[in-house]
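Chemist: Please find start-v4.pdb (PDB, C-alpha atoms) on the next line:
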```pdb
ATOM      1  CA  MET A   1     -12.575   9.988   8.963
ATOM      2  CA  MET A   2     -11.568   6.670   7.380
ATOM      3  CA  THR A   3      -9.397   4.005   8.964
ATOM      4  CA  HIS A   4      -6.150   2.869   7.339
ATOM      5  CA  ASP A   5      -7.766  -0.386   6.144
ATOM      6  CA  GLU A   6     -10.769   1.435   4.652
ATOM      7  CA  VAL A   7      -8.482   3.755   2.686
ATOM      8  CA  GLN A   8      -6.453   0.794   1.359
ATOM      9  CA  GLU A   9      -9.643  -0.765  -0.021
ATOM     10  CA  LEU A  10     -10.349   2.432  -1.989
ATOM     11  CA  LEU A  11      -6.852   3.005  -3.433
ATOM     12  CA  GLY A  12      -7.608   1.115  -6.672
ATOM     13  CA  ALA A  13     -10.798   3.091  -7.274
ATOM     14  CA  PHE A  14      -9.000   6.303  -6.256
ATOM     15  CA  ALA A  15      -6.324   5.716  -8.920
ATOM     16  CA  LEU A  16      -9.088   5.338 -11.548
ATOM     17  CA  ASP A  17     -11.004   8.444 -10.320
ATOM     18  CA  ALA A  18     -13.897   6.125  -9.462
ATOM     19  CA  THR A  19     -14.488   7.346  -5.903
ATOM     20  CA  SER A  20     -17.129   9.809  -4.798
ATOM     21  CA  PRO A  21     -16.022  13.396  -4.067
ATOM     22  CA  GLU A  22     -16.305  12.691  -0.318
ATOM     23  CA  GLU A  23     -14.260   9.471  -0.563
ATOM     24  CA  HIS A  24     -11.684  11.204  -2.801
ATOM     25  CA  ALA A  25     -11.172  13.972  -0.230
ATOM     26  CA  LEU A  26     -10.824  11.493   2.650
ATOM     27  CA  VAL A  27      -8.307   9.359   0.736
ATOM     28  CA  GLU A  28      -6.247  12.438  -0.216
ATOM     29  CA  ALA A  29      -6.187  13.557   3.403
ATOM     30  CA  HIS A  30      -4.979  10.116   4.500
ATOM     31  CA  LEU A  31      -2.253  10.004   1.827
ATOM     32  CA  GLU A  32      -0.694  13.178   3.215
ATOM     33  CA  SER A  33       0.279  11.353   6.406
ATOM     34  CA  CYS A  34       0.766   7.766   5.175
ATOM     35  CA  PRO A  35       3.826   7.073   2.951
ATOM     36  CA  ARG A  36       2.868   3.401   2.513
ATOM     37  CA  CYS A  37      -0.543   4.278   1.035
ATOM     38  CA  ARG A  38       1.042   7.047  -1.076
ATOM     39  CA  ALA A  39       3.422   4.502  -2.604
ATOM     40  CA  GLU A  40       0.577   2.034  -3.263
ATOM     41  CA  ALA A  41      -1.652   4.737  -4.795
ATOM     42  CA  SER A  42       1.224   5.856  -7.035
ATOM     43  CA  THR A  43       1.702   2.266  -8.271
ATOM     44  CA  HIS A  44      -2.028   1.952  -8.983
ATOM     45  CA  GLN A  45      -1.981   5.231 -10.929
ATOM     46  CA  GLU A  46       1.035   4.155 -13.023
ATOM     47  CA  THR A  47      -0.646   0.855 -13.847
ATOM     48  CA  ALA A  48      -3.913   2.595 -14.737
ATOM     49  CA  ALA A  49      -2.018   4.954 -17.048
ATOM     50  CA  VAL A  50      -0.471   2.001 -18.900
ATOM     51  CA  LEU A  51      -3.834   0.261 -19.264
ATOM     52  CA  ALA A  52      -5.477   3.447 -20.488
ATOM     53  CA  ALA A  53      -2.822   4.024 -23.124
ATOM     54  CA  GLY A  54      -3.163   0.476 -24.536
ATOM     55  CA  LEU A  55      -0.898  -2.537 -24.765
ATOM     56  CA  GLY A  56       1.525  -0.695 -27.029
ATOM     57  CA  ALA A  57       2.096   2.128 -24.577
ATOM     58  CA  GLU A  58       5.518   2.791 -23.149
ATOM     59  CA  LEU A  59       5.858   1.764 -19.500
ATOM     60  CA  PRO A  60       6.563   4.511 -16.946
ATOM     61  CA  SER A  61      10.263   4.827 -16.216
ATOM     62  CA  GLY A  62      11.437   2.359 -13.571
ATOM     63  CA  LEU A  63       8.083   0.536 -13.177
ATOM     64  CA  TRP A  64       9.178  -2.769 -14.717
ATOM     65  CA  GLU A  65      12.578  -2.629 -12.970
ATOM     66  CA  ARG A  66      10.856  -2.315  -9.579
ATOM     67  CA  ILE A  67       8.552  -5.248 -10.298
ATOM     68  CA  ALA A  68      11.344  -7.401 -11.735
ATOM     69  CA  GLU A  69      13.662  -6.671  -8.813
ATOM     70  CA  ALA A  70      10.945  -7.643  -6.332
ATOM     71  CA  THR A  71      10.251 -10.871  -8.212
ATOM     72  CA  PHE A  72      13.834 -12.142  -8.368
ATOM     73  CA  ALA A  73      14.945 -10.758  -4.998
ATOM     74  CA  ALA A  74      12.333 -12.760  -3.091
ATOM     75  CA  ARG A  75      11.400 -15.763  -5.261
ATOM     76  CA  PRO A  76       8.555 -17.789  -3.665
ATOM     77  CA  THR A  77       9.597 -21.049  -2.017
ATOM     78  CA  GLY A  78       6.615 -22.948  -3.400
ATOM     79  CA  THR A  79       6.174 -23.843  -7.041
ATOM     80  CA  VAL A  80       3.033 -23.773  -9.104
ATOM     81  CA  ALA A  81       2.389 -26.842 -11.221
ATOM     82  CA  PRO A  82       2.269 -26.056 -14.956
ATOM     83  CA  LEU A  83      -1.045 -26.329 -16.713
ATOM     84  CA  PRO A  84      -1.539 -29.752 -18.357
ATOM     85  CA  PRO A  85      -1.363 -29.697 -22.154
ATOM     86  CA  LEU A  86      -4.719 -29.598 -23.836
ATOM     87  CA  GLY A  87      -5.194 -32.691 -25.996
ATOM     88  CA  PRO A  88      -8.065 -33.505 -28.298
ATOM     89  CA  THR A  89     -11.346 -33.893 -26.434
ATOM     90  CA  PRO A  90     -13.531 -36.983 -26.779
ATOM     91  CA  LEU A  91     -16.013 -34.934 -28.756
ATOM     92  CA  VAL A  92     -13.354 -33.823 -31.219
ATOM     93  CA  THR A  93     -12.009 -37.398 -31.556
ATOM     94  CA  ALA A  94     -15.482 -38.707 -32.225
ATOM     95  CA  ARG A  95     -16.012 -36.080 -34.887
ATOM     96  CA  ARG A  96     -12.828 -37.093 -36.693
ATOM     97  CA  ARG A  97     -14.055 -40.711 -36.949
ATOM     98  CA  ARG A  98     -17.357 -39.826 -38.530
ATOM     99  CA  THR A  99     -17.643 -40.695 -42.217
ATOM    100  CA  LYS A 100     -20.688 -38.588 -42.970
ATOM    101  CA  MET A 101     -21.456 -34.883 -42.503
ATOM    102  CA  PRO A 102     -22.667 -34.120 -38.964
ATOM    103  CA  THR A 103     -26.174 -32.850 -38.428
ATOM    104  CA  THR A 104     -26.930 -29.347 -37.189
ATOM    105  CA  ALA A 105     -27.821 -30.703 -33.757
ATOM    106  CA  ALA A 106     -24.507 -32.588 -33.598
ATOM    107  CA  LEU A 107     -22.604 -29.441 -34.524
ATOM    108  CA  ARG A 108     -24.362 -27.546 -31.766
ATOM    109  CA  ARG A 109     -23.481 -30.252 -29.229
ATOM    110  CA  LEU A 110     -19.893 -30.198 -30.494
ATOM    111  CA  GLY A 111     -19.698 -26.437 -30.180
ATOM    112  CA  ALA A 112     -21.045 -26.591 -26.620
ATOM    113  CA  GLY A 113     -18.458 -29.218 -25.689
ATOM    114  CA  VAL A 114     -15.572 -27.212 -27.136
ATOM    115  CA  ALA A 115     -16.828 -24.103 -25.382
ATOM    116  CA  ALA A 116     -16.945 -25.989 -22.065
ATOM    117  CA  VAL A 117     -13.366 -27.246 -22.511
ATOM    118  CA  ALA A 118     -12.183 -23.741 -23.420
ATOM    119  CA  ALA A 119     -13.942 -22.292 -20.379
ATOM    120  CA  CYS A 120     -12.255 -24.841 -18.083
ATOM    121  CA  ALA A 121      -8.873 -24.037 -19.617
ATOM    122  CA  LEU A 122      -9.425 -20.310 -19.133
ATOM    123  CA  LEU A 123     -10.501 -20.830 -15.522
ATOM    124  CA  GLY A 124      -7.363 -22.875 -14.877
ATOM    125  CA  LEU A 125      -5.210 -20.200 -16.490
ATOM    126  CA  ALA A 126      -6.952 -17.480 -14.483
ATOM    127  CA  SER A 127      -6.324 -19.397 -11.248
ATOM    128  CA  TYR A 128      -2.650 -19.882 -12.176
ATOM    129  CA  LEU A 129      -2.211 -16.203 -13.004
ATOM    130  CA  GLY A 130      -4.072 -15.212  -9.839
ATOM    131  CA  VAL A 131      -1.530 -17.068  -7.699
ATOM    132  CA  GLN A 132       1.365 -15.458  -9.569
ATOM    133  CA  VAL A 133      -0.148 -11.957  -9.330
ATOM    134  CA  GLY A 134      -0.825 -12.404  -5.606
ATOM    135  CA  GLU A 135       2.770 -13.437  -4.929
ATOM    136  CA  LEU A 136       4.125 -10.600  -7.062
ATOM    137  CA  ARG A 137       1.887  -8.052  -5.345
ATOM    138  CA  SER A 138       3.205  -9.137  -1.938
ATOM    139  CA  GLN A 139       6.792  -8.809  -3.168
ATOM    140  CA  VAL A 140       6.125  -5.376  -4.682
ATOM    141  CA  HIS A 141       4.535  -4.149  -1.422
ATOM    142  CA  THR A 142       7.631  -5.284   0.478
ATOM    143  CA  LEU A 143       9.911  -3.499  -1.970
ATOM    144  CA  GLU A 144       7.776  -0.346  -1.890
ATOM    145  CA  GLY A 145       8.031  -0.300   1.908
ATOM    146  CA  ARG A 146      11.818  -0.476   1.724
ATOM    147  CA  VAL A 147      11.961   2.229  -0.948
ATOM    148  CA  ALA A 148       9.626   4.466   1.063
ATOM    149  CA  THR A 149      11.748   4.056   4.198
ATOM    150  CA  ALA A 150      14.939   4.830   2.257
ATOM    151  CA  SER A 151      13.327   7.934   0.735
ATOM    152  CA  VAL A 152      12.212   9.219   4.140
ATOM    153  CA  ALA A 153      15.691   8.662   5.568
ATOM    154  CA  GLU A 154      17.260  10.592   2.691
ATOM    155  CA  ALA A 155      14.756  13.430   3.047
ATOM    156  CA  ALA A 156      15.316  13.605   6.811
ATOM    157  CA  ALA A 157      19.082  13.768   6.310
ATOM    158  CA  SER A 158      18.615  16.579   3.778
ATOM    159  CA  ALA A 159      16.319  18.471   6.169
ATOM    160  CA  THR A 160      18.800  18.102   9.023
ATOM    161  CA  ALA A 161      21.501  19.682   6.851
ATOM    162  CA  GLY A 162      19.411  22.862   6.507
ATOM    163  CA  PRO A 163      17.346  25.022   8.892
ATOM    164  CA  HIS A 164      15.434  22.748  11.254
ATOM    165  CA  THR A 165      14.357  22.177  14.847
ATOM    166  CA  MET A 166      14.946  18.958  16.761
ATOM    167  CA  VAL A 167      11.917  18.250  18.977
ATOM    168  CA  THR A 168      12.486  15.624  21.671
ATOM    169  CA  LEU A 169       9.520  13.797  23.169
ATOM    170  CA  ALA A 170      10.183  12.566  26.694
ATOM    171  CA  ALA A 171       8.545   9.609  28.398
ATOM    172  CA  SER A 172       7.172   9.701  31.944
ATOM    173  CA  HIS A 173      10.587   8.846  33.418
ATOM    174  CA  GLY A 174      12.068  11.936  31.716
ATOM    175  CA  GLN A 175      14.271  10.156  29.178
ATOM    176  CA  THR A 176      14.007  10.962  25.473
ATOM    177  CA  ALA A 177      11.754   8.429  23.745
ATOM    178  CA  VAL A 178      11.228  10.071  20.348
ATOM    179  CA  THR A 179      13.168  12.610  18.287
ATOM    180  CA  ILE A 180      11.435  14.513  15.488
ATOM    181  CA  VAL A 181      12.980  16.839  12.888
ATOM    182  CA  VAL A 182      10.735  19.811  12.097
ATOM    183  CA  THR A 183      11.507  22.119   9.170
ATOM    184  CA  PRO A 184      10.338  25.756   8.891
ATOM    185  CA  SER A 185       7.870  24.704   6.152
ATOM    186  CA  GLY A 186       6.095  22.331   8.544
ATOM    187  CA  THR A 187       7.422  19.095   7.058
ATOM    188  CA  ALA A 188       8.503  16.817   9.904
ATOM    189  CA  TYR A 189      10.270  13.458  10.184
ATOM    190  CA  TRP A 190       9.853  10.757  12.818
ATOM    191  CA  LEU A 191      13.286   9.263  13.541
ATOM    192  CA  PRO A 192      13.779   5.713  14.926
ATOM    193  CA  ALA A 193      12.361   5.873  18.450
ATOM    194  CA  LYS A 194      13.221   4.220  21.760
ATOM    195  CA  LEU A 195       9.801   2.661  22.197
ATOM    196  CA  SER A 196       8.809  -1.001  22.272
ATOM    197  CA  ALA A 197       7.205  -2.637  19.244
ATOM    198  CA  LEU A 198       3.445  -2.997  19.521
ATOM    199  CA  PRO A 199       1.480  -6.225  18.956
ATOM    200  CA  THR A 200      -0.679  -6.721  15.878
ATOM    201  CA  GLY A 201      -3.882  -4.728  16.145
ATOM    202  CA  ARG A 202      -2.200  -1.690  17.712
ATOM    203  CA  THR A 203      -0.409   1.341  16.290
ATOM    204  CA  TYR A 204       1.521   4.337  17.548
ATOM    205  CA  GLN A 205      -0.346   7.536  16.689
ATOM    206  CA  LEU A 206       1.236  10.986  16.635
ATOM    207  CA  TRP A 207      -0.706  14.034  17.775
ATOM    208  CA  GLY A 208      -0.213  17.779  17.617
ATOM    209  CA  LEU A 209      -1.651  20.122  20.226
ATOM    210  CA  VAL A 210      -3.351  23.075  18.505
ATOM    211  CA  ASP A 211      -5.292  25.563  20.641
ATOM    212  CA  ASN A 212      -5.102  23.001  23.474
ATOM    213  CA  LYS A 213      -6.876  20.395  21.295
ATOM    214  CA  PRO A 214      -5.225  17.178  20.018
ATOM    215  CA  VAL A 215      -5.066  16.818  16.229
ATOM    216  CA  SER A 216      -3.971  13.545  14.624
ATOM    217  CA  LEU A 217      -0.801  13.973  12.550
ATOM    218  CA  GLY A 218      -0.418  10.385  11.383
ATOM    219  CA  LEU A 219       0.011   6.713  12.225
ATOM    220  CA  ILE A 220       3.496   5.363  12.918
ATOM    221  CA  GLY A 221       2.539   1.678  12.915
ATOM    222  CA  THR A 222       3.655  -1.124  15.220
ATOM    223  CA  ASP A 223       7.409  -0.566  14.716
ATOM    224  CA  PRO A 224       8.576   2.744  16.255
ATOM    225  CA  ARG A 225      11.993   2.322  14.576
ATOM    226  CA  ALA A 226      10.471   2.853  11.122
ATOM    227  CA  MET A 227      11.003   6.355   9.763
ATOM    228  CA  THR A 228       8.067   8.336   8.393
ATOM    229  CA  SER A 229       7.132  11.906   7.519
ATOM    230  CA  PHE A 230       4.115  14.069   8.284
ATOM    231  CA  ARG A 231       2.940  17.689   8.353
ATOM    232  CA  VAL A 232       2.864  20.015  11.346
ATOM    233  CA  GLU A 233       0.721  23.125  10.962
ATOM    234  CA  SER A 234       1.685  26.546  12.262
ATOM    235  CA  GLY A 235       0.260  27.046  15.749
ATOM    236  CA  THR A 236       1.083  23.528  16.945
ATOM    237  CA  THR A 237       2.666  23.846  20.390
ATOM    238  CA  LYS A 238       3.267  20.223  21.410
ATOM    239  CA  LEU A 239       3.757  16.782  19.877
ATOM    240  CA  MET A 240       2.467  13.667  21.655
ATOM    241  CA  VAL A 241       2.444   9.905  21.085
ATOM    242  CA  THR A 242      -0.169   7.360  22.151
ATOM    243  CA  ALA A 243      -0.754   3.657  21.419
ATOM    244  CA  GLU A 244      -4.127   3.180  19.733
ATOM    245  CA  PRO A 245      -6.119   0.467  17.912
ATOM    246  CA  ALA A 246      -4.904  -0.321  14.378
ATOM    247  CA  GLY A 247      -6.289   2.197  11.917
ATOM    248  CA  GLY A 248      -6.067   5.059  14.386
ATOM    249  CA  VAL A 249      -8.711   7.049  16.254
ATOM    250  CA  PRO A 250     -10.042  10.626  15.896
ATOM    251  CA  LEU A 251      -9.144  11.449  19.513
ATOM    252  CA  PRO A 252      -6.695   9.815  21.973
ATOM    253  CA  THR A 253      -8.128   6.873  23.911
ATOM    254  CA  THR A 254      -5.009   5.996  25.944
ATOM    255  CA  GLY A 255      -2.460   7.820  28.067
ATOM    256  CA  VAL A 256       0.301   9.877  26.474
ATOM    257  CA  LEU A 257       3.516   7.845  26.166
ATOM    258  CA  ALA A 258       5.812  10.735  25.242
ATOM    259  CA  VAL A 259       5.409  14.470  24.813
ATOM    260  CA  GLY A 260       7.565  17.407  23.681
ATOM    261  CA  SER A 261       7.171  21.125  22.974
ATOM    262  CA  ILE A 262       7.759  22.893  19.663
ATOM    263  CA  PRO A 263       9.631  26.176  20.200
ATOM    264  CA  PRO A 264       7.800  29.334  19.049
ATOM    265  CA  GLY A 265       8.795  30.333  15.535
ATOM    266  CA  ALA A 266      10.010  26.859  14.564
ATOM    267  CA  ILE A 267       7.360  26.730  11.803
ATOM    268  CA  GLY A 268       7.165  29.751   9.533
TER     269      GLY A 268
END
```
Represent the supplied structure as structure tokens.

Modeler:
Amino acid sequence: MMTHDEVQELLGAFALDATSPEEHALVEAHLESCPRCRAEASTHQETAAVLAAGLGAELPSGLWERIAEATFAARPTGTVAPLPPLGPTPLVTARRRRTKMPTTAALRRLGAGVAAVAACALLGLASYLGVQVGELRSQVHTLEGRVATASVAEAAASATAGPHTMVTLAASHGQTAVTIVVTPSGTAYWLPAKLSALPTGRTYQLWGLVDNKPVSLGLIGTDPRAMTSFRVESGTTKLMVTAEPAGGVPLPTTGVLAVGSIPPGAIG
């Protein structure tokens, strides 16, 4: 089983079908329970499709709007100095002052000098673009997180309007700490919970009890108020929450913070 960080490192290769069969299966399994990674993988796949089709390809619907909105909605506070204009190099100036044809050796030296100047210019341009791409990527990730949260909220509202079961998870003092919407198909939604935010390096992890054995259903993150979705298989009798190290664990390592039962027949 891969951690959240390990899966994120493979998302680019996953979008290009460059992972091994074992890695591909592990990433797919993680994406089922992680909306943030699903959104990032989808963006990688859209970008890969554009690159594969060539520069003249038509962009996927809404891709540029999402990037543009992220760029202008959260413009960076710092500014990047423009690249200095490239003037004639000393070698080129010297060549212009010559009155006789240059020798082959001189031409080779001239070509090497021009190549060096061009390489420096390209490195400067690459550094400039790298800063811009890094800032844009951060803005896009922020926007994707907001879009993902809005989509989960809309889906949860739609599920609540139809057949569903509300499962309440109570803390040790008996008060409801978490409320989860479970649909007959097994799709479930974590609603904003009455738990404290966790420090960096920790995450809330949701578990299902199947045949008296805990099965990880997904990571909630440090903020229990963030909405997310996950799958609950038929035969799951209880839902539980623990606080674990970031990236999650295969089995609980801490005490259960909240627990609730799923009524028989809630999942068809």

Chemist: When you count all atoms listed in the file, which of these residues is closest to Val249 of chain A: A:Leu191, A:Ala177, A:Ala171, A:Val215?

Modeler: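 Comparing A:Leu191, A:Ala177, A:Ala171, A:Val215 against Val249 of chain A, the winner is A:Val215.
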
Chemist: For segment 155-166 of chain A, please output as a PyMOL selection string all residues within 12 Å (counting all atoms listed in the file; exclusion window: fewer than 6 positions along the same chain).

Modeler: chain A and resi 148-149+176+178-192+227-230+239+260-268

Chemist: The PyMOL selection byres ((chain A and resi 246) around 7) - which residues does that actually catch in the file I just gave you? List them as number ranges by chain.

Modeler: A: 201-203, 244-245, 247-248

Chemist: Using the selection just defined, write its residues with C-alpha atoms as an mmCIF file, in the frame of the given file.

Modeler:
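File written: selection_25.cif
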```
data_model
loop_
_atom_site.group_PDB
_atom_site.id
_atom_site.type_symbol
_atom_site.label_atom_id
_atom_site.label_comp_id
_atom_site.auth_asym_id
_atom_site.auth_seq_id
_atom_site.Cartn_x
_atom_site.Cartn_y
_atom_site.Cartn_z
ATOM 1 C CA GLY A 201 -3.882 -4.728 16.145
ATOM 2 C CA ARG A 202 -2.200 -1.690 17.712
ATOM 3 C CA THR A 203 -0.409 1.341 16.290
ATOM 4 C CA GLU A 244 -4.127 3.180 19.733
ATOM 5 C CA PRO A 245 -6.119 0.467 17.912
ATOM 6 C CA GLY A 247 -6.289 2.197 11.917
ATOM 7 C CA GLY A 248 -6.067 5.059 14.386
#
```

Chemist: Please write the residues picked by the PyMOL selection byres ((chain A and resi 197) around 9) on this file as a ChimeraX atom specification.

Modeler: /A:195-196,198-199,221-225

Chemist: Return as an NGL selection string the set of residues that the PyMOL selection byres ((chain A and resi 12) around 12) yields on the displayed structure.

Modeler: :A and (6-11 or 13-19 or 24 or 27 or 37-38 or 40-48)

Chemist: Between atom CA of Asp211 of chain A and atom CA of Met240 of chain A, what is the spacing in Å?

Modeler: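 Computing the Euclidean distance for atom CA of Met240 of chain A and atom CA of Asp211 of chain A yields 14.2 Å.
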
Chemist: Give me, please, the distance in Å between atom CA of Lys238 of chain A and atom CA of Gln205 of chain A, quoted to one decimal.

Modeler: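 Those two atoms sit 14.0 Å apart.
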
Chemist: To one decimal place, how far is atom CA of Gly208 of chain A from atom CA of Asp5 of chain A in Å?

Modeler: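 Straight-line distance from atom CA of Gly208 of chain A to atom CA of Asp5 of chain A works out to 22.8 Å.
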
Chemist: With distances taken over all atoms listed in the file, which residue among A:Ser20, A:Arg231, A:Ser172, A:Thr3 lies nearest Gly255 of chain A?

Modeler: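 Closest to Gly255 of chain A, using all atoms listed in the file: A:Ser172.
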